[in-house]
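model-v5.pdb follows (PDB, C-alpha atoms):
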MODEL        1
ATOM      1  CA  GLN S   1      -7.293  30.400  -5.109  1.00  0.00           C
ATOM      2  CA  ASP S   2      -9.091  31.865  -2.101  1.00  0.00           C
ATOM      3  CA  LYS S   3      -6.928  35.009  -2.132  1.00  0.00           C
ATOM      4  CA  VAL S   4      -7.588  35.494  -5.847  1.00  0.00           C
ATOM      5  CA  ASN S   5     -11.312  35.381  -5.108  1.00  0.00           C
ATOM      6  CA  GLY S   6     -10.959  37.851  -2.229  1.00  0.00           C
ATOM      7  CA  ILE S   7     -11.501  35.287   0.525  1.00  0.00           C
ATOM      8  CA  THR S   8      -9.146  35.935   3.424  1.00  0.00           C
ATOM      9  CA  THR S   9     -10.388  33.295   5.862  1.00  0.00           C
ATOM     10  CA  PRO S  10      -8.976  29.842   5.111  1.00  0.00           C
ATOM     11  CA  SER S  11     -11.534  27.258   4.058  1.00  0.00           C
ATOM     12  CA  VAL S  12     -12.299  24.191   6.156  1.00  0.00           C
ATOM     13  CA  GLU S  13     -10.489  22.029   3.585  1.00  0.00           C
ATOM     14  CA  VAL S  14      -7.348  24.149   3.855  1.00  0.00           C
ATOM     15  CA  GLU S  15      -7.422  23.904   7.643  1.00  0.00           C
ATOM     16  CA  ARG S  16      -7.863  20.115   7.508  1.00  0.00           C
ATOM     17  CA  LEU S  17      -4.966  19.809   5.070  1.00  0.00           C
ATOM     18  CA  LYS S  18      -2.737  21.922   7.323  1.00  0.00           C
ATOM     19  CA  GLU S  19      -3.644  19.785  10.330  1.00  0.00           C
ATOM     20  CA  SER S  20      -2.889  16.590   8.395  1.00  0.00           C
ATOM     21  CA  LEU S  21       0.464  17.958   7.255  1.00  0.00           C
ATOM     22  CA  LEU S  22       1.385  18.909  10.815  1.00  0.00           C
ATOM     23  CA  ARG S  23       0.486  15.396  12.025  1.00  0.00           C
ATOM     24  CA  LEU S  24       2.350  13.669   9.179  1.00  0.00           C
ATOM     25  CA  PRO S  25       5.709  13.172  10.995  1.00  0.00           C
ATOM     26  CA  ILE S  26       3.960  11.599  13.991  1.00  0.00           C
ATOM     27  CA  SER S  27       1.760   9.447  11.753  1.00  0.00           C
ATOM     28  CA  LEU S  28       4.766   8.181   9.798  1.00  0.00           C
ATOM     29  CA  GLY S  29       6.584   7.452  13.040  1.00  0.00           C
ATOM     30  CA  MET S  30       3.609   5.419  14.231  1.00  0.00           C
ATOM     31  CA  ALA S  31       3.493   3.570  10.884  1.00  0.00           C
ATOM     32  CA  LEU S  32       7.150   2.570  11.394  1.00  0.00           C
ATOM     33  CA  LYS S  33       5.927   0.372  14.240  1.00  0.00           C
ATOM     34  CA  THR S  34       4.563  -2.041  11.605  1.00  0.00           C
ATOM     35  CA  ARG S  35       8.099  -3.184  10.775  1.00  0.00           C
ATOM     36  CA  GLU S  36       7.959  -6.561  12.551  1.00  0.00           C
ATOM     37  CA  GLN S  37       4.656  -7.329  10.853  1.00  0.00           C
ATOM     38  CA  CYS S  38       6.177  -6.310   7.502  1.00  0.00           C
ATOM     39  CA  GLN S  39       9.073  -8.715   8.162  1.00  0.00           C
ATOM     40  CA  ARG S  40       6.594 -11.574   8.610  1.00  0.00           C
ATOM     41  CA  ILE S  41       4.705 -10.599   5.462  1.00  0.00           C
ATOM     42  CA  ALA S  42       7.958 -10.321   3.480  1.00  0.00           C
ATOM     43  CA  LYS S  43       8.523 -14.026   4.225  1.00  0.00           C
ATOM     44  CA  ARG S  44       5.141 -14.755   2.637  1.00  0.00           C
ATOM     45  CA  LEU S  45       6.159 -12.778  -0.459  1.00  0.00           C
ATOM     46  CA  ASP S  46       9.517 -14.501  -0.844  1.00  0.00           C
ATOM     47  CA  GLY S  47       9.417 -17.143  -3.565  1.00  0.00           C
ATOM     48  CA  LYS S  48       6.389 -15.639  -5.298  1.00  0.00           C
ATOM     49  CA  GLU S  49       6.355 -14.900  -9.017  1.00  0.00           C
ATOM     50  CA  HIS S  50       4.518 -11.598  -8.780  1.00  0.00           C
ATOM     51  CA  CYS S  51       2.251  -9.523  -6.588  1.00  0.00           C
ATOM     52  CA  PHE S  52      -0.255  -6.742  -7.026  1.00  0.00           C
ATOM     53  CA  VAL S  53      -0.862  -3.589  -5.005  1.00  0.00           C
ATOM     54  CA  LEU S  54      -4.293  -1.989  -5.353  1.00  0.00           C
ATOM     55  CA  GLY S  55      -5.687   1.305  -4.104  1.00  0.00           C
ATOM     56  CA  LYS S  56      -8.362   3.768  -5.049  1.00  0.00           C
ATOM     57  CA  GLY S  57      -8.599   7.543  -4.745  1.00  0.00           C
ATOM     58  CA  PHE S  58      -5.452   8.881  -3.081  1.00  0.00           C
ATOM     59  CA  GLY S  59      -4.495   5.257  -2.454  1.00  0.00           C
ATOM     60  CA  GLU S  60      -4.119   4.558  -6.167  1.00  0.00           C
ATOM     61  CA  ALA S  61      -0.945   6.622  -6.550  1.00  0.00           C
ATOM     62  CA  ILE S  62       0.401   5.033  -3.369  1.00  0.00           C
ATOM     63  CA  ALA S  63      -0.298   1.575  -4.853  1.00  0.00           C
ATOM     64  CA  TYR S  64       1.752   2.483  -7.938  1.00  0.00           C
ATOM     65  CA  GLU S  65       4.618   3.818  -5.825  1.00  0.00           C
ATOM     66  CA  GLY S  66       4.554   0.869  -3.425  1.00  0.00           C
ATOM     67  CA  ALA S  67       4.644  -1.629  -6.287  1.00  0.00           C
ATOM     68  CA  MET S  68       7.560   0.214  -7.841  1.00  0.00           C
ATOM     69  CA  LYS S  69       9.507   0.103  -4.556  1.00  0.00           C
ATOM     70  CA  ILE S  70       8.866  -3.630  -4.198  1.00  0.00           C
ATOM     71  CA  LYS S  71      10.007  -4.185  -7.783  1.00  0.00           C
ATOM     72  CA  GLU S  72      13.107  -1.973  -7.522  1.00  0.00           C
ATOM     73  CA  MET S  73      14.377  -3.237  -4.192  1.00  0.00           C
ATOM     74  CA  SER S  74      13.425  -6.909  -4.052  1.00  0.00           C
ATOM     75  CA  TYR S  75      13.180  -7.764  -7.772  1.00  0.00           C
ATOM     76  CA  LEU S  76       9.756  -9.299  -7.251  1.00  0.00           C
ATOM     77  CA  HIS S  77       7.500  -8.481 -10.184  1.00  0.00           C
ATOM     78  CA  ALA S  78       4.945  -6.121  -8.641  1.00  0.00           C
ATOM     79  CA  GLU S  79       2.255  -4.067 -10.334  1.00  0.00           C
ATOM     80  CA  GLY S  80       0.148  -1.266  -8.936  1.00  0.00           C
ATOM     81  CA  TYR S  81      -3.449  -0.955 -10.073  1.00  0.00           C
ATOM     82  CA  SER S  82      -6.531   1.058  -9.357  1.00  0.00           C
ATOM     83  CA  GLY S  83      -8.974  -0.866  -7.224  1.00  0.00           C
ATOM     84  CA  GLY S  84     -11.469  -0.283 -10.031  1.00  0.00           C
ATOM     85  CA  ALA S  85      -9.235  -1.952 -12.643  1.00  0.00           C
ATOM     86  CA  LEU S  86      -9.112  -5.279 -10.874  1.00  0.00           C
ATOM     87  CA  LYS S  87     -11.059  -7.124 -13.560  1.00  0.00           C
ATOM     88  CA  HIS S  88      -8.917  -5.680 -16.358  1.00  0.00           C
ATOM     89  CA  GLY S  89      -5.713  -7.590 -15.677  1.00  0.00           C
ATOM     90  CA  PRO S  90      -4.879  -8.890 -12.212  1.00  0.00           C
ATOM     91  CA  PHE S  91      -7.846 -11.308 -12.131  1.00  0.00           C
ATOM     92  CA  ALA S  92      -6.315 -13.343 -14.961  1.00  0.00           C
ATOM     93  CA  LEU S  93      -3.084 -13.828 -13.001  1.00  0.00           C
ATOM     94  CA  ILE S  94      -4.503 -14.763  -9.594  1.00  0.00           C
ATOM     95  CA  ASP S  95      -3.502 -18.226  -8.464  1.00  0.00           C
ATOM     96  CA  ASN S  96      -4.717 -20.031  -5.369  1.00  0.00           C
ATOM     97  CA  ASP S  97      -2.629 -22.328  -3.155  1.00  0.00           C
ATOM     98  CA  THR S  98      -2.362 -24.909  -5.954  1.00  0.00           C
ATOM     99  CA  GLY S  99      -0.642 -22.486  -8.353  1.00  0.00           C
ATOM    100  CA  PRO S 100       3.025 -23.080  -9.269  1.00  0.00           C
ATOM    101  CA  PHE S 101       4.133 -20.346  -6.831  1.00  0.00           C
ATOM    102  CA  GLY S 102       1.264 -20.753  -4.369  1.00  0.00           C
ATOM    103  CA  ALA S 103      -1.406 -18.130  -3.810  1.00  0.00           C
ATOM    104  CA  THR S 104      -0.805 -14.800  -5.527  1.00  0.00           C
ATOM    105  CA  PRO S 105      -0.152 -12.049  -2.976  1.00  0.00           C
ATOM    106  CA  ILE S 106      -2.411  -9.027  -3.392  1.00  0.00           C
ATOM    107  CA  ILE S 107      -1.838  -6.001  -1.190  1.00  0.00           C
ATOM    108  CA  MET S 108      -4.964  -3.857  -0.846  1.00  0.00           C
ATOM    109  CA  LEU S 109      -5.105  -0.330   0.548  1.00  0.00           C
ATOM    110  CA  VAL S 110      -8.499  -0.223   2.240  1.00  0.00           C
ATOM    111  CA  LEU S 111      -8.706   3.228   3.758  1.00  0.00           C
ATOM    112  CA  ASP S 112     -11.576   4.771   5.683  1.00  0.00           C
ATOM    113  CA  ASP S 113     -12.661   7.077   2.866  1.00  0.00           C
ATOM    114  CA  GLN S 114     -15.330   7.255   0.159  1.00  0.00           C
ATOM    115  CA  HIS S 115     -13.733   4.256  -1.599  1.00  0.00           C
ATOM    116  CA  ALA S 116     -13.754   1.901   1.398  1.00  0.00           C
ATOM    117  CA  HIS S 117     -16.840  -0.050   0.301  1.00  0.00           C
ATOM    118  CA  HIS S 118     -15.499  -0.560  -3.230  1.00  0.00           C
ATOM    119  CA  MET S 119     -12.084  -1.676  -1.965  1.00  0.00           C
ATOM    120  CA  ARG S 120     -13.638  -4.050   0.535  1.00  0.00           C
ATOM    121  CA  THR S 121     -15.711  -5.595  -2.273  1.00  0.00           C
ATOM    122  CA  ALA S 122     -12.528  -5.981  -4.341  1.00  0.00           C
ATOM    123  CA  CYS S 123     -10.898  -7.728  -1.358  1.00  0.00           C
ATOM    124  CA  GLU S 124     -13.803 -10.159  -1.153  1.00  0.00           C
ATOM    125  CA  GLU S 125     -13.448 -10.921  -4.864  1.00  0.00           C
ATOM    126  CA  VAL S 126      -9.711 -11.676  -4.767  1.00  0.00           C
ATOM    127  CA  LYS S 127     -10.019 -13.681  -1.568  1.00  0.00           C
ATOM    128  CA  ALA S 128     -12.784 -15.776  -3.192  1.00  0.00           C
ATOM    129  CA  ARG S 129     -10.298 -16.589  -5.978  1.00  0.00           C
ATOM    130  CA  GLY S 130      -7.722 -17.847  -3.499  1.00  0.00           C
ATOM    131  CA  ALA S 131      -5.303 -14.903  -3.441  1.00  0.00           C
ATOM    132  CA  ASP S 132      -3.053 -14.282  -0.436  1.00  0.00           C
ATOM    133  CA  LEU S 133      -4.757 -11.086   0.714  1.00  0.00           C
ATOM    134  CA  ILE S 134      -2.721  -8.480   2.606  1.00  0.00           C
ATOM    135  CA  ILE S 135      -4.675  -5.433   3.773  1.00  0.00           C
ATOM    136  CA  ILE S 136      -3.256  -2.073   4.805  1.00  0.00           C
ATOM    137  CA  THR S 137      -5.909  -0.009   6.563  1.00  0.00           C
ATOM    138  CA  ASP S 138      -6.489   2.773   9.038  1.00  0.00           C
ATOM    139  CA  LYS S 139      -9.684   1.110  10.309  1.00  0.00           C
ATOM    140  CA  PRO S 140      -9.323  -2.567  11.319  1.00  0.00           C
ATOM    141  CA  GLU S 141     -13.073  -3.177  10.945  1.00  0.00           C
ATOM    142  CA  LEU S 142     -12.640  -2.756   7.181  1.00  0.00           C
ATOM    143  CA  ALA S 143     -10.499  -5.917   7.146  1.00  0.00           C
ATOM    144  CA  ARG S 144     -12.867  -8.010   9.261  1.00  0.00           C
ATOM    145  CA  ASP S 145     -13.387 -11.535   7.878  1.00  0.00           C
ATOM    146  CA  LEU S 146     -10.842 -10.815   5.106  1.00  0.00           C
ATOM    147  CA  ASP S 147      -7.429 -10.522   6.767  1.00  0.00           C
ATOM    148  CA  ASP S 148      -6.863 -11.759  10.316  1.00  0.00           C
ATOM    149  CA  ASP S 149      -3.737  -9.635  10.702  1.00  0.00           C
ATOM    150  CA  PRO S 150      -4.116  -6.420   8.668  1.00  0.00           C
ATOM    151  CA  ILE S 151      -1.385  -3.807   8.704  1.00  0.00           C
ATOM    152  CA  VAL S 152      -2.989  -0.990  10.670  1.00  0.00           C
ATOM    153  CA  ILE S 153      -1.752   2.548  10.128  1.00  0.00           C
ATOM    154  CA  PRO S 154      -2.888   5.719  11.879  1.00  0.00           C
ATOM    155  CA  SER S 155      -5.645   7.739  10.276  1.00  0.00           C
ATOM    156  CA  ASN S 156      -4.506  11.191   9.192  1.00  0.00           C
ATOM    157  CA  GLY S 157      -7.250  12.789   7.128  1.00  0.00           C
ATOM    158  CA  VAL S 158      -6.349  13.394   3.501  1.00  0.00           C
ATOM    159  CA  MET S 159      -2.762  12.294   4.226  1.00  0.00           C
ATOM    160  CA  THR S 160      -3.749   8.775   5.340  1.00  0.00           C
ATOM    161  CA  ALA S 161      -2.894   7.295   1.939  1.00  0.00           C
ATOM    162  CA  LEU S 162       0.588   8.802   2.162  1.00  0.00           C
ATOM    163  CA  VAL S 163       1.042   7.121   5.553  1.00  0.00           C
ATOM    164  CA  ALA S 164       0.173   3.794   3.867  1.00  0.00           C
ATOM    165  CA  LEU S 165       3.358   4.137   1.833  1.00  0.00           C
ATOM    166  CA  MET S 166       5.461   3.466   4.948  1.00  0.00           C
ATOM    167  CA  PRO S 167       4.502  -0.221   5.344  1.00  0.00           C
ATOM    168  CA  LEU S 168       4.857  -0.711   1.577  1.00  0.00           C
ATOM    169  CA  GLN S 169       8.405   0.649   1.768  1.00  0.00           C
ATOM    170  CA  LEU S 170       9.103  -1.529   4.799  1.00  0.00           C
ATOM    171  CA  LEU S 171       7.823  -4.590   2.910  1.00  0.00           C
ATOM    172  CA  ALA S 172      10.089  -3.751  -0.021  1.00  0.00           C
ATOM    173  CA  TYR S 173      13.057  -3.255   2.291  1.00  0.00           C
ATOM    174  CA  GLU S 174      12.477  -6.419   4.329  1.00  0.00           C
ATOM    175  CA  LEU S 175      11.936  -8.548   1.217  1.00  0.00           C
ATOM    176  CA  SER S 176      15.094  -7.107  -0.323  1.00  0.00           C
ATOM    177  CA  VAL S 177      17.150  -8.001   2.750  1.00  0.00           C
ATOM    178  CA  LEU S 178      15.536 -11.449   2.945  1.00  0.00           C
ATOM    179  CA  ARG S 179      16.583 -12.099  -0.664  1.00  0.00           C
ATOM    180  CA  GLY S 180      20.145 -10.927  -0.026  1.00  0.00           C
ATOM    181  CA  ASN S 181      19.811  -7.725  -2.061  1.00  0.00           C
ATOM    182  CA  ASN S 182      21.339  -4.413  -1.060  1.00  0.00           C
ATOM    183  CA  PRO S 183      18.285  -2.112  -0.757  1.00  0.00           C
ATOM    184  CA  ASP S 184      20.524   0.955  -0.999  1.00  0.00           C
ATOM    185  CA  GLN S 185      21.935  -0.077  -4.380  1.00  0.00           C
ATOM    186  CA  PRO S 186      19.223  -1.585  -6.574  1.00  0.00           C
ATOM    187  CA  ARG S 187      20.683  -3.110  -9.727  1.00  0.00           C
ATOM    188  CA  ASN S 188      20.367  -1.282 -13.039  1.00  0.00           C
ATOM    189  CA  LEU S 189      19.034   1.889 -11.428  1.00  0.00           C
ATOM    190  CA  ALA S 190      20.944   5.137 -11.661  1.00  0.00           C
ATOM    191  CA  LYS S 191      20.569   7.153  -8.486  1.00  0.00           C
ATOM    192  CA  VAL S 192      21.299  10.856  -8.628  1.00  0.00           C
ATOM    193  CA  HIS S 193      23.921  11.953  -6.105  1.00  0.00           C
ATOM    194  CA  ARG S 194      25.068  15.508  -5.603  1.00  0.00           C
TER     195      ARG S 194
ENDMDL
END
Encoded form (structure tokens):
Amino acid sequence: QDKVNGITTPSVEVERLKESLLRLPISLGMALKTREQCQRIAKRLDGKEHCFVLGKGFGEAIAYEGAMKIKEMSYLHAEGYSGGALKHGPFALIDNDTGPFGATPIIMLVLDDQHAHHMRTACEEVKARGADLIIITDKPELARDLDDDPIVIPSNGVMTALVALMPLQLLAYELSVLRGNNPDQPRNLAKVHR
């Protein structure tokens, strides 16, 4: 767009995006270090009826993708939602510890961005209803008094939400293995091989 408008110097946003893209392999490698924590959390998810993954902004698409991975690999019913849609569905299905499957697990992407305050408020609301709250964040202070052991990922500018996908994939993988499923061959899914 800049070239079309005759601007030859890259904008600040373009430079930040380039820097984030260059840091992405390192950030993803650092996020892989959450694997042991994801193994522990997978044990909490085992035996549950369903779970929800919520994000806002760039985190919303990651929530949808993470929920799909959990569903495909572990066969746990998982739904991704916008953090703003919390009251339009997931609220009705939240159980506390006395529910038939125990507390409903809700994975929240609370990233240090313009949506942090809203997502933190959503965390407070689901925790007040007795959900098993699991927070993925790039700023541990955002999980204070909500999750004693949040999954902490590295901050990487506009690519931070993409980095949050790594622990979601690890959760899906670990839960799949825990349940005796082959994560490389999910049932009823046709993979394209060339």
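Note that atom CA of Glu72 of chain S and atom CA of Pro183 of chain S are 8.5 Å apart.
Across S:Met73, S:Ala116, S:Leu28, S:Val53, the tightest approach to Gln185 of chain S is made by S:Met73 when counting all atoms listed in the file.
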* Tell me which protein, DNA and RNA residues are within 9 Å of Met30 of chain S, counting only C-alpha atoms, leaving out same-chain ones fewer than 5 positions away, and put them as a VMD selection string. => chain S and resid 25 153 to 154
* Any chance you could work out the residue set of the PyMOL selection byres ((chain S and resi 43-49) around 8) here, as a PyMOL selection string? -> chain S and resi 39-42+50-51+76-77+101-102+104-105+175+178-179
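Atom to atom, atom CA of Ala31 of chain S and atom CA of Ala63 of chain S stand 16.3 Å apart.
The closest residue to Leu24 of chain S, picked from S:Leu189, S:Met166, S:Leu171, S:Val126 and counting only C-alpha atoms, is S:Met166.
Nearest to Lys127 of chain S of all the residues S:Asn156, S:Asp113, S:Lys69, S:Phe91 is S:Phe91, based on all atoms listed in the file.
Of the residues listed (S:Asp112, S:Ala67, S:Leu165, S:Asp95), S:Asp112 shows the shortest atom-to-atom separation from Asp138 of chain S; distances use all atoms listed in the file.
Using only C-alpha atoms, the nearest neighbour of Glu13 of chain S within the list S:Leu168, S:Val158, S:Ile94, S:Val177 is S:Val158.
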* Gap from atom CA of Gly66 of chain S to atom CA of Pro167 of chain S - Å, one decimal -> 8.8 Å
* Kindly resolve the PyMOL selection byres ((chain S and resi 152) around 10) on the present coordinates and return the residues as a ChimeraX atom specification. => /S:30-31,33-34,37,111,135-140,143,149-151,153-155,164,167
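Each of S:Cys38, S:Asn5, S:Gly55, S:Leu133 was compared to Asp148 of chain S using only C-alpha atoms, and S:Leu133 turns out to be the nearest.
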* So what does the PyMOL selection byres ((chain S and resi 115) around 12) actually pick up in this one, as a ChimeraX atom specification? -> /S:54-60,82-84,108-114,116-122,142,161
* Asn181 of chain S: which residues within 10 Å, counting all atoms listed in the file, same-chain residues fewer than 6 positions away excluded, as an MDAnalysis selection string? -> chainID S and resid 73:75 173:175 187
First collect every listed atom of segment 66-84 of chain S; then fit an axis-aligned box around them, widen it by 8 Å on each side, and give centre and edge lengths in Å to one decimal, as AutoDock Vina command-line options.
--center_x 1.5 --center_y -4.1 --center_z -6.9 --size_x 41.8 --size_y 26.4 --size_z 22.9
